[in-house]
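First up is the structure itself, then whatever we jot down about it.
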Amino acid sequence: MKAVNQKFKDIEEEISFLKKKNNAIILSHFYQDEEIQDIADFIGDSLDLSKKAQKNDADVIVFCGVRFMAEVAKILSPQKKVILPDINAGCSLEESCQVDEFIEFKKKYPGHIVLSYINCSAEIKAESDIIVTSSNAKKIIDSMPVNQKIIFAPDKHLGNYLNKLTKREMILWNGSCIVHETFSERELVKLKVRNDTAKTIAHPECPENILSHADFIGSTSSLLKFISQDKTKRFIVATEPHILHQMKKNEPSKEFLIAPGTDGSCSCSNCPYMELNTLEKLRDCLHDLSPEIKISNELMLKAKKPLNTMLNLS
Ligand code: 13P
Ligand code: SF4
């Protein structure tokens with residue numbers, strides 16, 4: 001890690017200078033550290049970030065999120081340099097779905113359309129027909145004929161939730177998010193009893209036993225919209241805790257409690273992959289223009305098709 005350059009008042013000033021010098025844009029997901037969210041030019045959920053990656057005038061995209069998100073930015077804007085503060089920022093859902101096993105899995109279900117959640121590698125995207133995010137999955141599934149057979153990968157909890165919501169029987173890949181699996185139903189119920197006027201909101205990556213206690217389920221940006229539109233003053237939030245930063249900024253008069261893990265605390269639900277990105281690494285990657293996302297042209301072309309189908313249907 002480099003020391004703050006003496007020319008600058010602080011690291012934020014140095015980042016602004018490097019951003020201008022490189023004609024860069026900083027995109028951030030809601031699960032990033034507060035100071036990264038605050039310095040970003042644009043903050044959003046996976047779908048909004050994909051759209052923003054496609055439509056901007058920058059030469060360099062600094063992606064403050066996890067690697068699959070930065071890969072999507074590269075695939076949709078191949079002429080731009082896409083950099084990620086920490087190249088090891090992966091995702092447990094991505095890791096749970098390896099391409100060789102996925103190809104074998106697909107062979108067992110001929111005649112099925114392959115729908116993949118955006119939380120997967122470029123290789124899995126290239127093996128898919130349509131990509132979805134948690135904010136457009138229902139709409140995309142509903143647009144298909146009712147008798148269309150579907151494989152859904154890699155999140156079994158999101159898949160199960162969508163099966164119930166759309167009355168489908170999609171074949172599910174057995175993957176999950178380690179972050180959303182840490183919430184404890186028992187502790188959540190205890191918290192709800194102690195806060196009986198609070199509404200519980202949850203991300204659909206949570207297992208069914210947690211979702212069954214939610215008053216509202218949605219993507220990160222839908223959760224943010226809900227807390228602004230709903231008159232309730234107190235919310236229990238079952239998703240990654242860094243989203244509370246935007247919730248408090250958007251609704252300072254409301255109160256937010258993160259859903260507890262098995263030890264009754266919330267610290268276990270931080271995303272360990274998102275946490276790899278720091279303000280210092282953000283500054284360093286803008287300085288070095290590295291680590292850079294590199295994907296072969298062939299893979300980019302294959303992965304772009306199902307992403308474009310998603311964007312056209314969104
Ligand atoms: P969103 O698309 O809702 O922001 O979700 C991304 C994600 O990785 C949730 O764990
Ligand atoms: Fe992946 Fe879960 Fe982290 Fe989202 S919260 S990036 S799904 S590990």
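Residues in the structure tokens are numbered from 1 in each chain, the chains being A, B, ... in the order shown, and ligands are numbered from 1 in the order shown.
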
Practice prompt. Please return as a list in words: the residues of segment 132-241 of chain A that backbone DSSP assigns to strand (DSSP E or B).
Written response: Val132, Ile150, Ile151, Phe152, Ala153, Asp155, Ile171, Leu172, Gly175, Phe183, Lys199, Thr200, Ile201, Ala202, Phe216, Ile217, Arg234, Phe235, Ile236, Val237 and Ala238 of chain A

As a PDB file with C-alpha atoms, in the first residue's frame, please: every protein or nucleic acid residue near ligand 1 (cut-off 8 Å, counting only C-alpha atoms and all ligand atoms).
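For reference, selection_36.pdb as written:
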```
ATOM      1  CA  HIS A  29     -22.294  -1.554  -5.089  1.00  0.00           C
ATOM      2  CA  PHE A  30     -24.271  -0.889  -1.883  1.00  0.00           C
ATOM      3  CA  GLY A  44     -26.559   0.834  -7.546  1.00  0.00           C
ATOM      4  CA  ASP A  45     -27.693  -2.781  -7.607  1.00  0.00           C
ATOM      5  CA  SER A  46     -26.353  -5.305 -10.134  1.00  0.00           C
ATOM      6  CA  LEU A  47     -28.803  -4.290 -12.867  1.00  0.00           C
ATOM      7  CA  VAL A  66     -17.021  -8.068  -6.773  1.00  0.00           C
ATOM      8  CA  CYS A  91     -18.410 -14.397  -4.673  1.00  0.00           C
ATOM      9  CA  ASN A 119     -23.720 -13.687  -9.745  1.00  0.00           C
ATOM     10  CA  THR A 133     -30.709 -10.147 -11.563  1.00  0.00           C
ATOM     11  CA  SER A 134     -32.904 -10.137  -8.481  1.00  0.00           C
ATOM     12  CA  SER A 135     -34.666  -7.017  -9.777  1.00  0.00           C
ATOM     13  CA  CYS A 177     -24.570 -17.042  -0.815  1.00  0.00           C
ATOM     14  CA  VAL A 179     -23.548 -14.105   3.594  1.00  0.00           C
ATOM     15  CA  HIS A 180     -27.322 -14.451   3.304  1.00  0.00           C
ATOM     16  CA  HIS A 203     -32.870  -9.922  -0.072  1.00  0.00           C
ATOM     17  CA  GLU A 205     -30.691 -14.676  -1.603  1.00  0.00           C
ATOM     18  CA  GLY A 218     -36.333  -7.402  -3.161  1.00  0.00           C
ATOM     19  CA  SER A 219     -32.997  -6.493  -4.697  1.00  0.00           C
ATOM     20  CA  THR A 220     -30.781  -3.975  -2.893  1.00  0.00           C
ATOM     21  CA  SER A 221     -32.222  -1.008  -4.807  1.00  0.00           C
ATOM     22  CA  SER A 222     -35.804  -2.282  -4.290  1.00  0.00           C
ATOM     23  CA  THR A 239     -29.063  -8.441   3.790  1.00  0.00           C
ATOM     24  CA  GLU A 240     -25.415  -7.310   3.852  1.00  0.00           C
TER      25      GLU A 240
END
```

Worksheet entry | Point-to-point distance from atom CA of Glu34 of chain A to atom CA of Phe63 of chain A, Å rounded to tenths | 15.1 Å

Worksheet item: A:Lys138, A:Lys248, A:Arg67, A:Lys19: which is nearest ligand 2, counting only C-alpha atoms and all ligand atoms?
Response: A:Arg67

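What separates atom CA of Ile36 of chain A from atom CA of Val82 of chain A is a distance of 16.9 Å.
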
Worksheet item: Pick from A:Ala238, A:Met247, A:Leu93, A:Ile227: nearest to ligand 2, with only C-alpha atoms and all ligand atoms counted?
Response: A:Leu93

Worksheet item: For ligand 2, which residue among A:Asp86, A:Asp38, A:Asp155, A:Glu13 is the nearest when counting only C-alpha atoms and all ligand atoms?
Response: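 Between A:Asp86, A:Asp38, A:Asp155, A:Glu13, the residue approaching ligand 2 most closely is A:Asp155.
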
Fill in: Pick from A:Gln37, A:Ser290, A:Asn147, A:Ser265 nearest to Ile83 of chain A, counting only C-alpha atoms
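Residue with the minimum atom-to-atom distance to Ile83 of chain A: A:Ser290.
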
Response to the item:
Counting only C-alpha atoms and all ligand atoms, the residue among A:Ala122, A:Leu188, A:Ile141, A:Cys206 that lies closest to ligand 2 is A:Cys206

Worksheet item: Got a sec: who's within 10 Å of Met300 of chain A, counting only C-alpha atoms, leaving out chain neighbours fewer than 6 positions off, as a PyMOL selection string?
Response: chain A and resi 71-72+74-76+78+122-123+125-126+294

Write the residues you've just listed into a file as a compact mmCIF listing (two decimals), in the first residue's frame, and include N, CA, C and O atoms for each of them.
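As written to disk, out10.txt reads:
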```
# COMPACT_ATOMS: atom_id res chain seq x y z
N GLU A 71 -16.59 -7.95 -14.39
CA GLU A 71 -16.57 -8.70 -15.67
C GLU A 71 -17.74 -8.27 -16.55
O GLU A 71 -17.58 -8.10 -17.77
N VAL A 72 -18.91 -8.08 -15.93
CA VAL A 72 -20.08 -7.65 -16.70
C VAL A 72 -19.80 -6.28 -17.33
O VAL A 72 -20.10 -6.05 -18.51
N LYS A 74 -16.94 -5.07 -18.21
CA LYS A 74 -15.99 -5.27 -19.31
C LYS A 74 -16.71 -5.85 -20.55
O LYS A 74 -16.49 -5.40 -21.68
N ILE A 75 -17.57 -6.84 -20.30
CA ILE A 75 -18.27 -7.49 -21.42
C ILE A 75 -19.18 -6.48 -22.14
O ILE A 75 -19.28 -6.48 -23.37
N LEU A 76 -19.81 -5.59 -21.36
CA LEU A 76 -20.73 -4.63 -21.97
C LEU A 76 -20.02 -3.40 -22.53
O LEU A 76 -20.57 -2.69 -23.36
N PRO A 78 -16.40 -3.34 -23.85
CA PRO A 78 -15.07 -3.95 -24.07
C PRO A 78 -13.99 -2.95 -24.47
O PRO A 78 -12.81 -3.22 -24.28
N ALA A 122 -17.98 -15.35 -16.08
CA ALA A 122 -18.22 -15.12 -17.51
C ALA A 122 -18.39 -16.46 -18.24
O ALA A 122 -19.17 -16.57 -19.19
N GLU A 123 -17.69 -17.50 -17.78
CA GLU A 123 -17.79 -18.83 -18.42
C GLU A 123 -19.22 -19.39 -18.27
O GLU A 123 -19.76 -19.97 -19.21
N LYS A 125 -21.89 -17.55 -17.77
CA LYS A 125 -22.77 -16.69 -18.59
C LYS A 125 -22.75 -17.18 -20.04
O LYS A 125 -23.78 -17.25 -20.71
N ALA A 126 -21.55 -17.54 -20.52
CA ALA A 126 -21.42 -18.00 -21.90
C ALA A 126 -22.19 -19.31 -22.14
O ALA A 126 -22.53 -19.62 -23.28
N LYS A 294 -9.47 -8.87 -17.60
CA LYS A 294 -9.13 -9.30 -18.96
C LYS A 294 -9.91 -10.58 -19.29
O LYS A 294 -9.86 -11.54 -18.53
```

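One finds atom CA of Glu187 of chain A at 6.0 Å from atom CA of Pro260 of chain A.
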
Discussion item. Applying 12 Å and only C-alpha atoms, which residues near Ser28 of chain A remain after dropping the ones on its own chain fewer than 6 positions away? List them as a ChimeraX atom specification.
Written reply: /A:34-46,48-50,52-53,61-66,69-70,73,84-85,242-243,246,274,277-279,282

Practice prompt. Find the residue from A:Lys281, A:Lys107, A:Lys149, A:Lys156 that sits nearest to ligand 2; use only C-alpha atoms and all ligand atoms when measuring.
Written response: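 Counting only C-alpha atoms and all ligand atoms, the residue closest to ligand 2 is A:Lys156.
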
Worksheet item: Which residues in segment 12-158 of chain A does DSSP call helix (DSSP H, G or I)? List them as a ChimeraX atom specification.
Response: /A:12-21,34-39,46-54,67-76,92-95,99-107,122-126,137-142,156-158

Worksheet item: So which residues touch Ile131 of chain A within 6 Å, counting only C-alpha atoms, skipping near sequence neighbours fewer than 6 positions away, as a ChimeraX atom specification?
Response: /A:115-118,306-307,310
